[in-house]
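Asker: What follows is a structure written as structure tokens; I'll ask about it next.
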Amino acid sequence: MTRDQKKSDREVEQVRARRDRDRKRIDEGQITNPKDLERMTHEMVSLERRISDLEDVELEIMARLEDAQSDLTAAESDLTDLDEQIAATTAERDRRGGALQGELTETEAKRVAAIASIPAELLRLYDKVRERQGTGAAMLRARRCEGCQITLDAGTLGQITKAAADEVVRCEECSRILVRTDESGLIGRS
């Protein structure tokens, strides 16, 4: 648009220069032939019309350029705001990532300590199921396996109720080890 404006400026100046040159020739009396003078007068009117048209185009280009400049300024402001948001979000992500890394390290240390008290055979079973299912154990809550979300039938619940507290019980659907608690919904268990 800036190029278009400069081009339009040049065109207006060229036509004005031609008009001024012709007017000077008429004013100085260099054109004496009446027909040439009449032709030159018509050309002057035509040049004035051409100047007016070119100035209208120039004004239109200037208005578009001004609008484009406003849009550019707004876009640059938006970009600056987005850059600031990205920087803040990145800093928050890094802060949270550091906190999560600390929690992970702490949890891993607790896991190592907990694993030491689990029988090796149970740990192998847990790891085997975890490799297939993503988790090796699931809560039995309100008669439902929290791993596969299947509600266990009365027969299965009866078998689980009769099982010893230290017996490993597994979900028939997903094979996860079921962790029994007071929330399990087992009748007759205390």
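Ligands are numbered from 1 in the order shown, residues from 1 within each chain, and chains are lettered A, B, ... in the order they appear in the structure tokens.
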List the neighbours of A:Arg143 out to 8 Å using only C-alpha atoms; skip same-chain residues closer than 5 positions along the sequence, and give me the result as an MDAnalysis selection string.
Answerer: chainID A and resid 151:152 157 184:186
Asker: Any chance you could list, as number ranges by chain, the residues in chain A that come up helix (DSSP H, G or I) when DSSP is run on the backbone?
Answerer: A: 2-27, 34-115, 120-133, 154-162, 182-184
Asker: Do you have the atom CA of A:Ala63-atom CA of A:Asp4 distance handy?
Answerer: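 Computed distance, atom CA of A:Ala63 to atom CA of A:Asp4, equals 12.1 Å.
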Asker: Run DSSP on the backbone and grab whatever in stretch 35-189 of chain A lands in strand (DSSP E or B); send it over as a PyMOL selection string.
Answerer: chain A and resi 137-141+144-145+151+170+177-180
Asker: Go through A:Ile160, A:Ile177, A:Ala109, A:Leu82 one by one, measure the shortest atom-to-atom distance of each to A:Asp127 using only C-alpha atoms, and give the residue with the smallest value.
Answerer: A:Ile177
Asker: Might you pull out every residue within 12 Å of stretch 167-170 of chain A, with only C-alpha atoms counted and same-chain residues fewer than 2 positions away left off, and present them as a PDB file with N, CA and C atoms, in the first residue's frame?
Answerer:
```pdb
ATOM      1  N   PRO A 119       5.586 -59.887  49.204  1.00  0.00           N
ATOM      2  CA  PRO A 119       6.166 -61.184  48.788  1.00  0.00           C
ATOM      3  C   PRO A 119       6.522 -61.154  47.294  1.00  0.00           C
ATOM      4  N   GLU A 121       6.399 -63.384  44.939  1.00  0.00           N
ATOM      5  CA  GLU A 121       5.426 -63.988  44.031  1.00  0.00           C
ATOM      6  C   GLU A 121       4.282 -63.012  43.721  1.00  0.00           C
ATOM      7  N   LEU A 122       3.795 -62.306  44.736  1.00  0.00           N
ATOM      8  CA  LEU A 122       2.721 -61.317  44.547  1.00  0.00           C
ATOM      9  C   LEU A 122       3.229 -60.150  43.694  1.00  0.00           C
ATOM     10  N   LEU A 123       4.448 -59.752  43.901  1.00  0.00           N
ATOM     11  CA  LEU A 123       5.030 -58.657  43.125  1.00  0.00           C
ATOM     12  C   LEU A 123       5.157 -59.056  41.652  1.00  0.00           C
ATOM     13  N   LEU A 125       3.270 -61.226  40.052  1.00  0.00           N
ATOM     14  CA  LEU A 125       1.902 -61.229  39.522  1.00  0.00           C
ATOM     15  C   LEU A 125       1.449 -59.795  39.221  1.00  0.00           C
ATOM     16  N   TYR A 126       1.674 -58.901  40.153  1.00  0.00           N
ATOM     17  CA  TYR A 126       1.297 -57.490  39.972  1.00  0.00           C
ATOM     18  C   TYR A 126       1.967 -56.911  38.722  1.00  0.00           C
ATOM     19  N   VAL A 129       0.441 -58.350  35.442  1.00  0.00           N
ATOM     20  CA  VAL A 129      -0.875 -57.755  35.129  1.00  0.00           C
ATOM     21  C   VAL A 129      -0.699 -56.293  34.719  1.00  0.00           C
ATOM     22  N   GLY A 136      -1.805 -52.894  37.832  1.00  0.00           N
ATOM     23  CA  GLY A 136      -1.847 -54.286  38.273  1.00  0.00           C
ATOM     24  C   GLY A 136      -2.921 -54.561  39.307  1.00  0.00           C
ATOM     25  N   ALA A 137      -3.431 -53.514  39.961  1.00  0.00           N
ATOM     26  CA  ALA A 137      -4.430 -53.705  41.006  1.00  0.00           C
ATOM     27  C   ALA A 137      -5.497 -52.625  40.871  1.00  0.00           C
ATOM     28  N   ALA A 138      -6.686 -52.938  41.393  1.00  0.00           N
ATOM     29  CA  ALA A 138      -7.784 -51.973  41.358  1.00  0.00           C
ATOM     30  C   ALA A 138      -8.597 -52.121  42.634  1.00  0.00           C
ATOM     31  N   MET A 139      -9.190 -51.011  43.071  1.00  0.00           N
ATOM     32  CA  MET A 139     -10.049 -51.035  44.254  1.00  0.00           C
ATOM     33  C   MET A 139     -11.338 -51.775  43.930  1.00  0.00           C
ATOM     34  N   LEU A 140     -11.832 -52.550  44.906  1.00  0.00           N
ATOM     35  CA  LEU A 140     -13.171 -53.128  44.826  1.00  0.00           C
ATOM     36  C   LEU A 140     -14.034 -52.177  45.650  1.00  0.00           C
ATOM     37  N   CYS A 145     -15.405 -53.368  40.240  1.00  0.00           N
ATOM     38  CA  CYS A 145     -13.956 -53.304  40.004  1.00  0.00           C
ATOM     39  C   CYS A 145     -13.657 -51.932  39.423  1.00  0.00           C
ATOM     40  N   GLY A 147     -10.999 -51.024  38.105  1.00  0.00           N
ATOM     41  CA  GLY A 147     -10.114 -51.149  36.939  1.00  0.00           C
ATOM     42  C   GLY A 147     -10.892 -51.228  35.639  1.00  0.00           C
ATOM     43  N   CYS A 148     -11.892 -52.128  35.586  1.00  0.00           N
ATOM     44  CA  CYS A 148     -12.666 -52.316  34.348  1.00  0.00           C
ATOM     45  C   CYS A 148     -14.083 -51.759  34.461  1.00  0.00           C
ATOM     46  N   LEU A 152     -19.542 -56.674  39.982  1.00  0.00           N
ATOM     47  CA  LEU A 152     -19.398 -58.117  40.156  1.00  0.00           C
ATOM     48  C   LEU A 152     -20.732 -58.742  40.533  1.00  0.00           C
ATOM     49  N   THR A 156     -19.731 -64.163  42.550  1.00  0.00           N
ATOM     50  CA  THR A 156     -18.327 -63.748  42.668  1.00  0.00           C
ATOM     51  C   THR A 156     -18.115 -62.997  43.968  1.00  0.00           C
ATOM     52  N   LEU A 157     -19.053 -62.123  44.311  1.00  0.00           N
ATOM     53  CA  LEU A 157     -18.935 -61.376  45.569  1.00  0.00           C
ATOM     54  C   LEU A 157     -18.952 -62.333  46.764  1.00  0.00           C
ATOM     55  N   GLN A 159     -17.833 -65.433  46.813  1.00  0.00           N
ATOM     56  CA  GLN A 159     -16.519 -66.090  46.872  1.00  0.00           C
ATOM     57  C   GLN A 159     -15.483 -65.150  47.485  1.00  0.00           C
ATOM     58  N   ILE A 160     -15.550 -63.877  47.077  1.00  0.00           N
ATOM     59  CA  ILE A 160     -14.591 -62.898  47.613  1.00  0.00           C
ATOM     60  C   ILE A 160     -14.822 -62.706  49.109  1.00  0.00           C
ATOM     61  N   THR A 161     -16.091 -62.704  49.527  1.00  0.00           N
ATOM     62  CA  THR A 161     -16.420 -62.526  50.944  1.00  0.00           C
ATOM     63  C   THR A 161     -15.845 -63.675  51.772  1.00  0.00           C
ATOM     64  N   LYS A 162     -15.888 -64.901  51.227  1.00  0.00           N
ATOM     65  CA  LYS A 162     -15.392 -66.083  51.943  1.00  0.00           C
ATOM     66  C   LYS A 162     -13.868 -66.172  51.954  1.00  0.00           C
ATOM     67  N   ALA A 163     -13.210 -65.477  51.034  1.00  0.00           N
ATOM     68  CA  ALA A 163     -11.750 -65.562  50.938  1.00  0.00           C
ATOM     69  C   ALA A 163     -11.100 -64.938  52.164  1.00  0.00           C
ATOM     70  N   ALA A 164      -9.971 -65.490  52.548  1.00  0.00           N
ATOM     71  CA  ALA A 164      -9.213 -64.950  53.679  1.00  0.00           C
ATOM     72  C   ALA A 164      -8.720 -63.549  53.352  1.00  0.00           C
ATOM     73  N   ALA A 165      -8.538 -62.736  54.390  1.00  0.00           N
ATOM     74  CA  ALA A 165      -8.129 -61.335  54.211  1.00  0.00           C
ATOM     75  C   ALA A 165      -6.786 -61.210  53.494  1.00  0.00           C
ATOM     76  N   GLU A 172     -12.444 -61.250  37.499  1.00  0.00           N
ATOM     77  CA  GLU A 172     -12.575 -62.228  36.426  1.00  0.00           C
ATOM     78  C   GLU A 172     -12.548 -61.572  35.043  1.00  0.00           C
ATOM     79  N   GLU A 173     -12.935 -60.310  34.945  1.00  0.00           N
ATOM     80  CA  GLU A 173     -12.982 -59.609  33.656  1.00  0.00           C
ATOM     81  C   GLU A 173     -11.618 -59.093  33.213  1.00  0.00           C
ATOM     82  N   CYS A 174     -10.945 -58.355  34.100  1.00  0.00           N
ATOM     83  CA  CYS A 174      -9.698 -57.689  33.692  1.00  0.00           C
ATOM     84  C   CYS A 174      -8.444 -58.311  34.299  1.00  0.00           C
ATOM     85  N   SER A 175      -8.584 -59.263  35.182  1.00  0.00           N
ATOM     86  CA  SER A 175      -7.483 -59.987  35.830  1.00  0.00           C
ATOM     87  C   SER A 175      -6.689 -59.152  36.820  1.00  0.00           C
ATOM     88  N   ARG A 176      -7.118 -57.930  37.104  1.00  0.00           N
ATOM     89  CA  ARG A 176      -6.392 -57.117  38.082  1.00  0.00           C
ATOM     90  C   ARG A 176      -6.579 -57.704  39.488  1.00  0.00           C
ATOM     91  N   ILE A 177      -5.623 -57.414  40.335  1.00  0.00           N
ATOM     92  CA  ILE A 177      -5.720 -57.811  41.734  1.00  0.00           C
ATOM     93  C   ILE A 177      -6.714 -56.851  42.385  1.00  0.00           C
ATOM     94  N   LEU A 178      -7.716 -57.393  43.066  1.00  0.00           N
ATOM     95  CA  LEU A 178      -8.728 -56.551  43.711  1.00  0.00           C
ATOM     96  C   LEU A 178      -8.299 -56.207  45.132  1.00  0.00           C
ATOM     97  N   VAL A 179      -8.313 -54.923  45.427  1.00  0.00           N
ATOM     98  CA  VAL A 179      -7.963 -54.444  46.762  1.00  0.00           C
ATOM     99  C   VAL A 179      -9.263 -54.242  47.522  1.00  0.00           C
ATOM    100  N   ARG A 180      -9.442 -54.998  48.608  1.00  0.00           N
ATOM    101  CA  ARG A 180     -10.677 -54.948  49.385  1.00  0.00           C
ATOM    102  C   ARG A 180     -10.527 -53.968  50.541  1.00  0.00           C
TER     103      ARG A 180
END
```
Asker: What's the 8 Å shell around stretch 5-19 of chain A, counting only C-alpha atoms, without same-chain residues fewer than 3 positions away, as a PyMOL selection string?
Answerer: chain A and resi 1-2+22-23+44+47-48+50-51+54-55+57-58+61-62
Asker: What does the structure give for the distance between atom CA of A:Arg132 and atom CA of A:Ala116, in Å to one decimal?
Answerer: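 According to the coordinates, atom CA of A:Arg132 and atom CA of A:Ala116 are separated by 23.1 Å.
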